[in-house]
Amino acid sequence: MEMHRSVHKKSQSMWPEVFRSNKASTKVVSRAVDAGELHPLGLSLYTSNQMDPPAEIIARHRWRILGLLSPGATVSFRTALTMRPEVDGTVYLTGEARYERDLPGLRIRVVKGPAPLEHDTPLAPGLALASRERALLEALKPSKARGGIRRGVDASEAERILEKAFQTG
């Protein structure tokens with residue numbers, strides 16, 4: 001088992017390393033933040049890790065965090081094809097409503113679309129991964145680049161992805 005650089009008092013804490021608060025836990029979480037036991041990572045998202053930088057914690061728990069913040073969403077578009085964020089930390093999801101949220105090292109972009117489909121697979125609690133076919137079809141839809149980042153792929157990228165799929169699968 002790989003040891004993380006941090007030893008963040010997990011054995012002394014009743015809190016998981018990353019979690020989302022809710023109405024029932026708000027007061028208790030707020031007191032724990034005031035006591036220095038927890039640190040906010042973003043709106044309603046907290047960590048008990050007191051050693052590692054927030055971006056490292058978020059990167060380590062990326063898929064779980066996406067499931068917590070966008071329950072019922074599907075990792076889609078370019079993100080489903082590469083299984084990693086873009087260089088600026090952007091990940092693309094499909095969900096029941098359009099949604100954008102930025103966290104340290106992670107830019108969540110949800111496009112309104114269908115819930116997980118028959119051939120999509122569970123990736124983390126509350127989060128599915130689009131099938132390669134779905135992801136490729138979504139990624140081929142025309143889209144504008146924002147900050148040099150596009151959620152889609154151009155024809156040459158699609159061709160490379162298909163070639164790779166045929167070679168490996």
# chains A, B, ... in the order shown; residues from 1 in each chain; ligands from 1
>>> select_by_dssp(residues="chain A", states="strand (DSSP E)", output="ChimeraX atom specification")
/A:18-20,39-42,45-47,73-75,90-95,99-103,106-112,121-124,127-129
>>> residues_around(residues="region 150-158 of chain A", least_positions_apart="6", cutoff="12 Å", atoms="only C-alpha atoms", output="mmCIF file with all heavy atoms, in the first residue's frame")
data_model
loop_
_atom_site.group_PDB
_atom_site.id
_atom_site.type_symbol
_atom_site.label_atom_id
_atom_site.label_comp_id
_atom_site.auth_asym_id
_atom_site.auth_seq_id
_atom_site.Cartn_x
_atom_site.Cartn_y
_atom_site.Cartn_z
ATOM 1 N N VAL A 75 -18.950 11.119 -16.304
ATOM 2 C CA VAL A 75 -17.718 11.654 -16.872
ATOM 3 C C VAL A 75 -17.850 11.489 -18.375
ATOM 4 O O VAL A 75 -18.100 10.382 -18.867
ATOM 5 C CB VAL A 75 -16.479 10.907 -16.341
ATOM 6 C CG1 VAL A 75 -15.214 11.418 -17.009
ATOM 7 C CG2 VAL A 75 -16.387 11.036 -14.831
ATOM 8 N N SER A 76 -17.717 12.589 -19.110
ATOM 9 C CA SER A 76 -18.039 12.596 -20.533
ATOM 10 C C SER A 76 -16.995 13.334 -21.348
ATOM 11 O O SER A 76 -15.992 13.804 -20.826
ATOM 12 C CB SER A 76 -19.391 13.283 -20.741
ATOM 13 O OG SER A 76 -20.404 12.623 -20.021
ATOM 14 N N PHE A 77 -17.303 13.453 -22.631
ATOM 15 C CA PHE A 77 -16.510 14.215 -23.579
ATOM 16 C C PHE A 77 -15.045 13.775 -23.543
ATOM 17 O O PHE A 77 -14.746 12.602 -23.364
ATOM 18 C CB PHE A 77 -16.659 15.720 -23.321
ATOM 19 C CG PHE A 77 -18.082 16.201 -23.428
ATOM 20 C CD1 PHE A 77 -18.864 16.351 -22.296
ATOM 21 C CD2 PHE A 77 -18.645 16.489 -24.665
ATOM 22 C CE1 PHE A 77 -20.176 16.788 -22.395
ATOM 23 C CE2 PHE A 77 -19.953 16.923 -24.768
ATOM 24 C CZ PHE A 77 -20.724 17.069 -23.635
ATOM 25 N N ARG A 78 -14.159 14.723 -23.693
ATOM 26 C CA ARG A 78 -12.721 14.470 -23.735
ATOM 27 C C ARG A 78 -12.244 13.793 -22.436
ATOM 28 O O ARG A 78 -11.381 12.913 -22.460
ATOM 29 C CB ARG A 78 -11.999 15.792 -23.948
ATOM 30 C CG ARG A 78 -10.505 15.739 -23.885
ATOM 31 C CD ARG A 78 -9.910 17.127 -23.960
ATOM 32 N NE ARG A 78 -10.133 17.768 -25.234
ATOM 33 C CZ ARG A 78 -9.380 17.563 -26.317
ATOM 34 N NH1 ARG A 78 -8.367 16.730 -26.263
ATOM 35 N NH2 ARG A 78 -9.631 18.193 -27.435
ATOM 36 N N THR A 79 -12.821 14.172 -21.305
ATOM 37 C CA THR A 79 -12.381 13.611 -20.025
ATOM 38 C C THR A 79 -12.601 12.108 -19.979
ATOM 39 O O THR A 79 -11.762 11.364 -19.466
ATOM 40 C CB THR A 79 -13.109 14.290 -18.849
ATOM 41 O OG1 THR A 79 -12.958 15.697 -18.956
ATOM 42 C CG2 THR A 79 -12.569 13.818 -17.513
ATOM 43 N N ALA A 80 -13.722 11.631 -20.521
ATOM 44 C CA ALA A 80 -13.987 10.186 -20.527
ATOM 45 C C ALA A 80 -13.026 9.444 -21.444
ATOM 46 O O ALA A 80 -12.723 8.277 -21.203
ATOM 47 C CB ALA A 80 -15.430 9.927 -20.951
ATOM 48 N N LEU A 81 -12.553 10.118 -22.476
ATOM 49 C CA LEU A 81 -11.627 9.473 -23.414
ATOM 50 C C LEU A 81 -10.210 9.405 -22.865
ATOM 51 O O LEU A 81 -9.484 8.442 -23.130
ATOM 52 C CB LEU A 81 -11.637 10.225 -24.750
ATOM 53 C CG LEU A 81 -12.982 10.213 -25.490
ATOM 54 C CD1 LEU A 81 -12.944 11.174 -26.673
ATOM 55 C CD2 LEU A 81 -13.352 8.806 -25.925
ATOM 56 N N THR A 82 -9.806 10.411 -22.096
ATOM 57 C CA THR A 82 -8.427 10.454 -21.593
ATOM 58 C C THR A 82 -8.307 10.000 -20.140
ATOM 59 O O THR A 82 -7.222 9.669 -19.692
ATOM 60 C CB THR A 82 -7.860 11.883 -21.686
ATOM 61 O OG1 THR A 82 -8.636 12.749 -20.846
ATOM 62 C CG2 THR A 82 -7.864 12.384 -23.122
ATOM 63 N N PRO A 85 -7.856 15.069 -16.147
ATOM 64 C CA PRO A 85 -8.247 16.462 -16.401
ATOM 65 C C PRO A 85 -7.366 17.083 -17.478
ATOM 66 O O PRO A 85 -6.277 16.594 -17.772
ATOM 67 C CB PRO A 85 -8.002 17.161 -15.065
ATOM 68 C CG PRO A 85 -7.763 16.107 -14.073
ATOM 69 C CD PRO A 85 -7.315 14.886 -14.812
ATOM 70 N N GLU A 86 -7.842 18.176 -18.037
ATOM 71 C CA GLU A 86 -7.038 18.948 -18.982
ATOM 72 C C GLU A 86 -5.886 19.604 -18.212
ATOM 73 O O GLU A 86 -5.854 19.578 -16.984
ATOM 74 C CB GLU A 86 -7.907 20.012 -19.662
ATOM 75 C CG GLU A 86 -9.017 19.418 -20.504
ATOM 76 C CD GLU A 86 -8.493 18.474 -21.567
ATOM 77 O OE1 GLU A 86 -7.567 18.857 -22.308
ATOM 78 O OE2 GLU A 86 -9.000 17.357 -21.662
ATOM 79 N N VAL A 87 -4.959 20.237 -18.912
ATOM 80 C CA VAL A 87 -3.792 20.834 -18.264
ATOM 81 C C VAL A 87 -4.187 21.900 -17.239
ATOM 82 O O VAL A 87 -3.453 22.118 -16.271
ATOM 83 C CB VAL A 87 -2.792 21.424 -19.280
ATOM 84 C CG1 VAL A 87 -2.183 20.324 -20.130
ATOM 85 C CG2 VAL A 87 -3.437 22.462 -20.164
ATOM 86 N N ASP A 88 -5.345 22.533 -17.414
ATOM 87 C CA ASP A 88 -5.794 23.546 -16.455
ATOM 88 C C ASP A 88 -6.664 22.954 -15.345
ATOM 89 O O ASP A 88 -7.215 23.679 -14.530
ATOM 90 C CB ASP A 88 -6.542 24.676 -17.175
ATOM 91 C CG ASP A 88 -7.889 24.247 -17.720
ATOM 92 O OD1 ASP A 88 -8.159 23.021 -17.800
ATOM 93 O OD2 ASP A 88 -8.691 25.138 -18.066
ATOM 94 N N THR A 90 -9.457 21.109 -15.871
ATOM 95 C CA THR A 90 -10.860 20.985 -16.266
ATOM 96 C C THR A 90 -11.250 19.531 -16.504
ATOM 97 O O THR A 90 -10.535 18.782 -17.171
ATOM 98 C CB THR A 90 -11.138 21.790 -17.556
ATOM 99 O OG1 THR A 90 -10.833 23.165 -17.318
ATOM 100 C CG2 THR A 90 -12.592 21.676 -17.977
ATOM 101 N N VAL A 91 -12.409 19.161 -15.950
ATOM 102 C CA VAL A 91 -13.046 17.876 -16.243
ATOM 103 C C VAL A 91 -14.449 18.164 -16.745
ATOM 104 O O VAL A 91 -15.108 19.100 -16.286
ATOM 105 C CB VAL A 91 -13.088 16.929 -15.025
ATOM 106 C CG1 VAL A 91 -11.698 16.493 -14.617
ATOM 107 C CG2 VAL A 91 -13.815 17.546 -13.859
ATOM 108 N N TYR A 92 -14.902 17.352 -17.698
ATOM 109 C CA TYR A 92 -16.222 17.527 -18.289
ATOM 110 C C TYR A 92 -17.125 16.377 -17.896
ATOM 111 O O TYR A 92 -16.749 15.214 -17.994
ATOM 112 C CB TYR A 92 -16.118 17.609 -19.816
ATOM 113 C CG TYR A 92 -15.367 18.832 -20.262
ATOM 114 C CD1 TYR A 92 -14.047 18.731 -20.685
ATOM 115 C CD2 TYR A 92 -15.953 20.082 -20.236
ATOM 116 C CE1 TYR A 92 -13.347 19.861 -21.099
ATOM 117 C CE2 TYR A 92 -15.255 21.212 -20.636
ATOM 118 C CZ TYR A 92 -13.954 21.090 -21.058
ATOM 119 O OH TYR A 92 -13.263 22.204 -21.441
ATOM 120 N N LEU A 93 -18.312 16.748 -17.444
ATOM 121 C CA LEU A 93 -19.324 15.786 -17.035
ATOM 122 C C LEU A 93 -20.625 16.101 -17.761
ATOM 123 O O LEU A 93 -20.833 17.224 -18.224
ATOM 124 C CB LEU A 93 -19.586 15.870 -15.529
ATOM 125 C CG LEU A 93 -18.392 15.821 -14.583
ATOM 126 C CD1 LEU A 93 -18.827 16.111 -13.161
ATOM 127 C CD2 LEU A 93 -17.724 14.467 -14.658
ATOM 128 N N THR A 94 -21.516 15.116 -17.789
ATOM 129 C CA THR A 94 -22.881 15.318 -18.249
ATOM 130 C C THR A 94 -23.762 15.073 -17.033
ATOM 131 O O THR A 94 -23.574 14.091 -16.315
ATOM 132 C CB THR A 94 -23.245 14.334 -19.378
ATOM 133 O OG1 THR A 94 -22.330 14.519 -20.443
ATOM 134 C CG2 THR A 94 -24.651 14.567 -19.868
ATOM 135 N N ILE A 108 -14.604 21.949 -12.555
ATOM 136 C CA ILE A 108 -15.707 21.055 -12.903
ATOM 137 C C ILE A 108 -16.637 21.779 -13.873
ATOM 138 O O ILE A 108 -17.119 22.871 -13.570
ATOM 139 C CB ILE A 108 -16.482 20.634 -11.638
ATOM 140 C CG1 ILE A 108 -15.529 19.985 -10.635
ATOM 141 C CG2 ILE A 108 -17.637 19.709 -12.007
ATOM 142 C CD1 ILE A 108 -16.112 19.837 -9.244
ATOM 143 N N ARG A 109 -16.906 21.137 -15.007
ATOM 144 C CA ARG A 109 -17.815 21.686 -16.005
ATOM 145 C C ARG A 109 -18.843 20.616 -16.344
ATOM 146 O O ARG A 109 -18.508 19.580 -16.921
ATOM 147 C CB ARG A 109 -17.068 22.112 -17.273
ATOM 148 C CG ARG A 109 -15.990 23.159 -17.027
ATOM 149 C CD ARG A 109 -16.610 24.462 -16.507
ATOM 150 N NE ARG A 109 -15.637 25.513 -16.271
ATOM 151 C CZ ARG A 109 -15.180 25.851 -15.067
ATOM 152 N NH1 ARG A 109 -15.572 25.203 -13.986
ATOM 153 N NH2 ARG A 109 -14.335 26.856 -14.938
ATOM 154 N N VAL A 110 -20.096 20.862 -15.942
ATOM 155 C CA VAL A 110 -21.172 19.912 -16.207
ATOM 156 C C VAL A 110 -22.056 20.478 -17.312
ATOM 157 O O VAL A 110 -22.525 21.602 -17.212
ATOM 158 C CB VAL A 110 -22.016 19.634 -14.940
ATOM 159 C CG1 VAL A 110 -23.115 18.627 -15.241
ATOM 160 C CG2 VAL A 110 -21.136 19.141 -13.793
ATOM 161 N N VAL A 111 -22.264 19.678 -18.346
ATOM 162 C CA VAL A 111 -23.142 20.014 -19.457
ATOM 163 C C VAL A 111 -24.448 19.263 -19.233
ATOM 164 O O VAL A 111 -24.430 18.084 -18.855
ATOM 165 C CB VAL A 111 -22.496 19.577 -20.791
ATOM 166 C CG1 VAL A 111 -23.425 19.813 -21.955
ATOM 167 C CG2 VAL A 111 -21.175 20.292 -20.988
ATOM 168 N N ARG A 132 -17.060 4.324 -24.188
ATOM 169 C CA ARG A 132 -16.165 4.924 -25.186
ATOM 170 C C ARG A 132 -16.985 5.469 -26.360
ATOM 171 O O ARG A 132 -16.717 6.545 -26.863
ATOM 172 C CB ARG A 132 -15.135 3.905 -25.666
ATOM 173 C CG ARG A 132 -14.168 4.509 -26.674
ATOM 174 C CD ARG A 132 -12.936 3.678 -26.896
ATOM 175 N NE ARG A 132 -12.075 3.559 -25.742
ATOM 176 C CZ ARG A 132 -11.200 4.489 -25.334
ATOM 177 N NH1 ARG A 132 -11.105 5.613 -25.961
ATOM 178 N NH2 ARG A 132 -10.443 4.284 -24.291
ATOM 179 N N GLU A 133 -18.023 4.727 -26.761
ATOM 180 C CA GLU A 133 -18.860 5.174 -27.880
ATOM 181 C C GLU A 133 -19.579 6.478 -27.541
ATOM 182 O O GLU A 133 -19.574 7.428 -28.339
ATOM 183 C CB GLU A 133 -19.901 4.093 -28.248
ATOM 184 C CG GLU A 133 -19.307 2.791 -28.720
ATOM 185 C CD GLU A 133 -18.890 1.836 -27.595
ATOM 186 O OE1 GLU A 133 -19.087 2.157 -26.406
ATOM 187 O OE2 GLU A 133 -18.353 0.764 -27.918
ATOM 188 N N ALA A 135 -18.787 8.685 -25.213
ATOM 189 C CA ALA A 135 -17.809 9.759 -25.019
ATOM 190 C C ALA A 135 -17.331 10.300 -26.364
ATOM 191 O O ALA A 135 -17.206 11.514 -26.544
ATOM 192 C CB ALA A 135 -16.633 9.256 -24.195
ATOM 193 N N LEU A 136 -17.075 9.410 -27.298
ATOM 194 C CA LEU A 136 -16.589 9.849 -28.602
ATOM 195 C C LEU A 136 -17.667 10.634 -29.349
ATOM 196 O O LEU A 136 -17.384 11.691 -29.929
ATOM 197 C CB LEU A 136 -16.124 8.648 -29.422
ATOM 198 C CG LEU A 136 -15.351 8.952 -30.691
ATOM 199 C CD1 LEU A 136 -14.146 9.849 -30.412
ATOM 200 C CD2 LEU A 136 -14.894 7.663 -31.350
ATOM 201 N N LEU A 137 -18.907 10.161 -29.321
ATOM 202 C CA LEU A 137 -19.989 10.902 -29.976
ATOM 203 C C LEU A 137 -20.169 12.284 -29.350
ATOM 204 O O LEU A 137 -20.352 13.275 -30.056
ATOM 205 C CB LEU A 137 -21.292 10.107 -29.929
ATOM 206 C CG LEU A 137 -21.354 8.898 -30.862
ATOM 207 C CD1 LEU A 137 -22.607 8.074 -30.588
ATOM 208 C CD2 LEU A 137 -21.302 9.346 -32.314
ATOM 209 N N GLU A 138 -20.120 12.349 -28.021
ATOM 210 C CA GLU A 138 -20.251 13.650 -27.350
ATOM 211 C C GLU A 138 -19.070 14.560 -27.708
ATOM 212 O O GLU A 138 -19.246 15.749 -27.947
ATOM 213 C CB GLU A 138 -20.313 13.465 -25.830
ATOM 214 C CG GLU A 138 -21.603 12.871 -25.354
ATOM 215 C CD GLU A 138 -21.606 12.546 -23.870
ATOM 216 O OE1 GLU A 138 -20.529 12.315 -23.283
ATOM 217 O OE2 GLU A 138 -22.705 12.510 -23.293
ATOM 218 N N ALA A 139 -17.889 13.981 -27.730
ATOM 219 C CA ALA A 139 -16.693 14.778 -27.990
ATOM 220 C C ALA A 139 -16.625 15.274 -29.433
ATOM 221 O O ALA A 139 -15.937 16.251 -29.712
ATOM 222 C CB ALA A 139 -15.442 13.964 -27.657
ATOM 223 N N LEU A 140 -17.347 14.629 -30.331
ATOM 224 C CA LEU A 140 -17.346 15.060 -31.725
ATOM 225 C C LEU A 140 -18.321 16.207 -31.993
ATOM 226 O O LEU A 140 -18.273 16.817 -33.055
ATOM 227 C CB LEU A 140 -17.657 13.880 -32.647
ATOM 228 C CG LEU A 140 -16.494 12.908 -32.841
ATOM 229 C CD1 LEU A 140 -16.962 11.647 -33.554
ATOM 230 C CD2 LEU A 140 -15.349 13.564 -33.589
ATOM 231 N N LYS A 141 -19.188 16.508 -31.033
ATOM 232 C CA LYS A 141 -20.089 17.652 -31.191
ATOM 233 C C LYS A 141 -19.256 18.925 -31.231
ATOM 234 O O LYS A 141 -18.317 19.085 -30.439
ATOM 235 C CB LYS A 141 -21.065 17.744 -30.013
ATOM 236 C CG LYS A 141 -22.095 16.673 -29.966
ATOM 237 C CD LYS A 141 -22.990 16.881 -28.756
ATOM 238 C CE LYS A 141 -23.907 15.709 -28.531
ATOM 239 N NZ LYS A 141 -24.684 15.869 -27.293
ATOM 240 N N PRO A 142 -19.599 19.833 -32.127
ATOM 241 C CA PRO A 142 -18.840 21.097 -32.176
ATOM 242 C C PRO A 142 -18.916 21.834 -30.832
ATOM 243 O O PRO A 142 -19.970 21.878 -30.199
ATOM 244 C CB PRO A 142 -19.547 21.902 -33.268
ATOM 245 C CG PRO A 142 -20.282 20.889 -34.083
ATOM 246 C CD PRO A 142 -20.637 19.773 -33.143
ATOM 247 N N SER A 143 -17.792 22.366 -30.396
ATOM 248 C CA SER A 143 -17.753 23.138 -29.149
ATOM 249 C C SER A 143 -16.704 24.234 -29.277
ATOM 250 O O SER A 143 -15.726 24.077 -30.004
ATOM 251 C CB SER A 143 -17.443 22.243 -27.952
ATOM 252 O OG SER A 143 -16.152 21.688 -28.053
ATOM 253 N N LYS A 144 -16.929 25.309 -28.552
ATOM 254 C CA LYS A 144 -15.985 26.422 -28.561
ATOM 255 C C LYS A 144 -14.888 26.160 -27.537
ATOM 256 O O LYS A 144 -15.136 25.610 -26.470
ATOM 257 C CB LYS A 144 -16.688 27.723 -28.192
ATOM 258 C CG LYS A 144 -17.696 28.180 -29.217
ATOM 259 C CD LYS A 144 -18.335 29.473 -28.759
ATOM 260 C CE LYS A 144 -19.393 29.923 -29.742
ATOM 261 N NZ LYS A 144 -20.070 31.139 -29.292
ATOM 262 N N LYS A 164 -6.308 3.690 -31.683
ATOM 263 C CA LYS A 164 -5.810 3.124 -30.425
ATOM 264 C C LYS A 164 -6.785 2.082 -29.883
ATOM 265 O O LYS A 164 -6.398 1.022 -29.410
ATOM 266 C CB LYS A 164 -5.569 4.228 -29.400
ATOM 267 C CG LYS A 164 -4.926 3.761 -28.131
ATOM 268 C CD LYS A 164 -4.627 4.913 -27.203
ATOM 269 C CE LYS A 164 -4.004 4.422 -25.915
ATOM 270 N NZ LYS A 164 -3.730 5.506 -25.002
ATOM 271 N N ALA A 165 -8.086 2.384 -29.962
ATOM 272 C CA ALA A 165 -9.101 1.446 -29.480
ATOM 273 C C ALA A 165 -9.065 0.140 -30.271
ATOM 274 O O ALA A 165 -9.176 -0.945 -29.708
ATOM 275 C CB ALA A 165 -10.491 2.088 -29.564
#
>>> select_by_dssp(residues="region 50-156 of chain A", states="alpha helix (DSSP H)", output="mmCIF file with N, CA and C atoms, in the first residue's frame")
data_model
loop_
_atom_site.group_PDB
_atom_site.id
_atom_site.type_symbol
_atom_site.label_atom_id
_atom_site.label_comp_id
_atom_site.auth_asym_id
_atom_site.auth_seq_id
_atom_site.Cartn_x
_atom_site.Cartn_y
_atom_site.Cartn_z
ATOM 1 N N PRO A 54 -4.219 21.646 -0.632
ATOM 2 C CA PRO A 54 -5.552 21.285 -1.128
ATOM 3 C C PRO A 54 -5.552 20.675 -2.526
ATOM 4 N N ALA A 55 -4.759 21.197 -3.449
ATOM 5 C CA ALA A 55 -4.748 20.655 -4.812
ATOM 6 C C ALA A 55 -4.301 19.189 -4.832
ATOM 7 N N GLU A 56 -3.368 18.814 -3.965
ATOM 8 C CA GLU A 56 -2.918 17.413 -3.878
ATOM 9 C C GLU A 56 -4.020 16.517 -3.347
ATOM 10 N N ILE A 57 -4.705 16.980 -2.323
ATOM 11 C CA ILE A 57 -5.799 16.207 -1.731
ATOM 12 C C ILE A 57 -6.895 16.010 -2.771
ATOM 13 N N ILE A 58 -7.237 17.073 -3.461
ATOM 14 C CA ILE A 58 -8.291 17.008 -4.472
ATOM 15 C C ILE A 58 -7.887 16.082 -5.611
ATOM 16 N N ALA A 59 -6.647 16.143 -6.058
ATOM 17 C CA ALA A 59 -6.186 15.258 -7.130
ATOM 18 C C ALA A 59 -6.270 13.793 -6.708
ATOM 19 N N ARG A 60 -5.917 13.506 -5.485
ATOM 20 C CA ARG A 60 -5.931 12.139 -4.967
ATOM 21 C C ARG A 60 -7.353 11.584 -4.899
ATOM 22 N N ARG A 62 -10.072 12.880 -6.723
ATOM 23 C CA ARG A 62 -10.801 13.552 -7.807
ATOM 24 C C ARG A 62 -12.143 12.909 -8.125
ATOM 25 N N TRP A 63 -12.153 11.603 -8.409
ATOM 26 C CA TRP A 63 -13.389 10.955 -8.858
ATOM 27 C C TRP A 63 -14.416 10.906 -7.727
ATOM 28 N N ARG A 64 -13.964 10.675 -6.531
ATOM 29 C CA ARG A 64 -14.888 10.669 -5.379
ATOM 30 C C ARG A 64 -15.503 12.053 -5.189
ATOM 31 N N ILE A 65 -14.686 13.087 -5.294
ATOM 32 C CA ILE A 65 -15.161 14.468 -5.140
ATOM 33 C C ILE A 65 -16.185 14.800 -6.221
ATOM 34 N N LEU A 66 -15.922 14.375 -7.444
ATOM 35 C CA LEU A 66 -16.884 14.623 -8.512
ATOM 36 C C LEU A 66 -18.213 13.943 -8.215
ATOM 37 N N GLY A 67 -18.170 12.739 -7.665
ATOM 38 C CA GLY A 67 -19.401 12.042 -7.278
ATOM 39 C C GLY A 67 -20.127 12.748 -6.144
ATOM 40 N N LEU A 68 -19.365 13.328 -5.212
ATOM 41 C CA LEU A 68 -19.977 14.054 -4.096
ATOM 42 C C LEU A 68 -20.622 15.362 -4.555
ATOM 43 N N LEU A 69 -19.942 16.081 -5.439
ATOM 44 C CA LEU A 69 -20.419 17.399 -5.850
ATOM 45 C C LEU A 69 -21.397 17.359 -7.018
ATOM 46 N N PHE A 77 -17.303 13.453 -22.631
ATOM 47 C CA PHE A 77 -16.510 14.215 -23.579
ATOM 48 C C PHE A 77 -15.045 13.775 -23.543
ATOM 49 N N ARG A 78 -14.159 14.723 -23.693
ATOM 50 C CA ARG A 78 -12.721 14.470 -23.735
ATOM 51 C C ARG A 78 -12.244 13.793 -22.436
ATOM 52 N N THR A 79 -12.821 14.172 -21.305
ATOM 53 C CA THR A 79 -12.381 13.611 -20.025
ATOM 54 C C THR A 79 -12.601 12.108 -19.979
ATOM 55 N N ALA A 80 -13.722 11.631 -20.521
ATOM 56 C CA ALA A 80 -13.987 10.186 -20.527
ATOM 57 C C ALA A 80 -13.026 9.444 -21.444
ATOM 58 N N LEU A 81 -12.553 10.118 -22.476
ATOM 59 C CA LEU A 81 -11.627 9.473 -23.414
ATOM 60 C C LEU A 81 -10.210 9.405 -22.865
ATOM 61 N N THR A 82 -9.806 10.411 -22.096
ATOM 62 C CA THR A 82 -8.427 10.454 -21.593
ATOM 63 C C THR A 82 -8.307 10.000 -20.140
ATOM 64 N N ARG A 132 -17.060 4.324 -24.188
ATOM 65 C CA ARG A 132 -16.165 4.924 -25.186
ATOM 66 C C ARG A 132 -16.985 5.469 -26.360
ATOM 67 N N GLU A 133 -18.023 4.727 -26.761
ATOM 68 C CA GLU A 133 -18.860 5.174 -27.880
ATOM 69 C C GLU A 133 -19.579 6.478 -27.541
ATOM 70 N N ARG A 134 -20.189 6.528 -26.371
ATOM 71 C CA ARG A 134 -20.892 7.742 -25.960
ATOM 72 C C ARG A 134 -19.921 8.920 -25.859
ATOM 73 N N ALA A 135 -18.787 8.685 -25.213
ATOM 74 C CA ALA A 135 -17.809 9.759 -25.019
ATOM 75 C C ALA A 135 -17.331 10.300 -26.364
ATOM 76 N N LEU A 136 -17.075 9.410 -27.298
ATOM 77 C CA LEU A 136 -16.589 9.849 -28.602
ATOM 78 C C LEU A 136 -17.667 10.634 -29.349
ATOM 79 N N LEU A 137 -18.907 10.161 -29.321
ATOM 80 C CA LEU A 137 -19.989 10.902 -29.976
ATOM 81 C C LEU A 137 -20.169 12.284 -29.350
ATOM 82 N N GLU A 138 -20.120 12.349 -28.021
ATOM 83 C CA GLU A 138 -20.251 13.650 -27.350
ATOM 84 C C GLU A 138 -19.070 14.560 -27.708
ATOM 85 N N ALA A 139 -17.889 13.981 -27.730
ATOM 86 C CA ALA A 139 -16.693 14.778 -27.990
ATOM 87 C C ALA A 139 -16.625 15.274 -29.433
ATOM 88 N N ALA A 155 -11.345 16.006 -35.715
ATOM 89 C CA ALA A 155 -11.362 14.762 -36.494
ATOM 90 C C ALA A 155 -10.070 13.965 -36.354
ATOM 91 N N SER A 156 -8.926 14.652 -36.334
ATOM 92 C CA SER A 156 -7.652 13.918 -36.241
ATOM 93 C C SER A 156 -7.491 13.267 -34.861
#
>>> residues_around(residues="Leu127 (chain A)", least_positions_apart="4", cutoff="6 Å", atoms="only C-alpha atoms", output="PDB file with all heavy atoms, in the first residue's frame")
ATOM      1  N   GLY A  67     -18.170  12.739  -7.665  1.00  0.00           N
ATOM      2  CA  GLY A  67     -19.401  12.042  -7.278  1.00  0.00           C
ATOM      3  C   GLY A  67     -20.127  12.748  -6.144  1.00  0.00           C
ATOM      4  O   GLY A  67     -21.356  12.780  -6.100  1.00  0.00           O
ATOM      5  N   GLY A  72     -24.962  11.615  -9.667  1.00  0.00           N
ATOM      6  CA  GLY A  72     -25.751  11.212 -10.818  1.00  0.00           C
ATOM      7  C   GLY A  72     -25.151  11.640 -12.144  1.00  0.00           C
ATOM      8  O   GLY A  72     -25.711  11.361 -13.205  1.00  0.00           O
ATOM      9  N   ALA A  73     -23.991  12.298 -12.114  1.00  0.00           N
ATOM     10  CA  ALA A  73     -23.358  12.778 -13.343  1.00  0.00           C
ATOM     11  C   ALA A  73     -22.537  11.665 -13.995  1.00  0.00           C
ATOM     12  O   ALA A  73     -22.245  10.640 -13.383  1.00  0.00           O
ATOM     13  CB  ALA A  73     -22.456  13.980 -13.052  1.00  0.00           C
ATOM     14  N   THR A  74     -22.177  11.919 -15.247  1.00  0.00           N
ATOM     15  CA  THR A  74     -21.375  10.981 -16.020  1.00  0.00           C
ATOM     16  C   THR A  74     -20.129  11.699 -16.527  1.00  0.00           C
ATOM     17  O   THR A  74     -20.230  12.788 -17.101  1.00  0.00           O
ATOM     18  CB  THR A  74     -22.181  10.461 -17.236  1.00  0.00           C
ATOM     19  OG1 THR A  74     -23.394   9.874 -16.766  1.00  0.00           O
ATOM     20  CG2 THR A  74     -21.387   9.429 -18.023  1.00  0.00           C
ATOM     21  N   LEU A 123     -18.075   4.592 -11.797  1.00  0.00           N
ATOM     22  CA  LEU A 123     -16.668   4.957 -11.599  1.00  0.00           C
ATOM     23  C   LEU A 123     -16.367   5.201 -10.131  1.00  0.00           C
ATOM     24  O   LEU A 123     -15.330   4.801  -9.625  1.00  0.00           O
ATOM     25  CB  LEU A 123     -16.340   6.203 -12.425  1.00  0.00           C
ATOM     26  CG  LEU A 123     -14.908   6.713 -12.361  1.00  0.00           C
ATOM     27  CD1 LEU A 123     -13.933   5.666 -12.878  1.00  0.00           C
ATOM     28  CD2 LEU A 123     -14.769   7.992 -13.174  1.00  0.00           C
TER      29      LEU A 123
END
>>> atom_distance(atom1="CA of Gly105 (chain A)", atom2="CA of Gln50 (chain A)")
17.4 Å
>>> closest_residue(among="A:Gly89, A:Arg84, A:Leu41, A:Met14", to="Val28 (chain A)", atoms="only C-alpha atoms")
A:Met14
>>> residues_around(residues="Leu43 (chain A)", least_positions_apart="6", cutoff="12 Å", atoms="only C-alpha atoms", output="PyMOL selection string")
chain A and resi 19-22+26+65+68-69+101-104
>>> atom_distance(atom1="CA of Ala130 (chain A)", atom2="CA of Pro116 (chain A)")
7.2 Å
>>> residues_around(residues="Ser30 (chain A)", least_positions_apart="4", cutoff="12 Å", atoms="only C-alpha atoms", output="list in words")
Ser21, Asn22, Lys23, Ala24, Ser25, Thr26, Asp34, Ala35, Gly36, Glu37, Leu38, His39, Pro40, Ser44, Leu45 and Tyr46 of chain A
>>> closest_residue(among="A:His61, A:Leu117, A:Pro71, A:Lys27", to="Tyr99 (chain A)", atoms="only C-alpha atoms")
A:Pro71
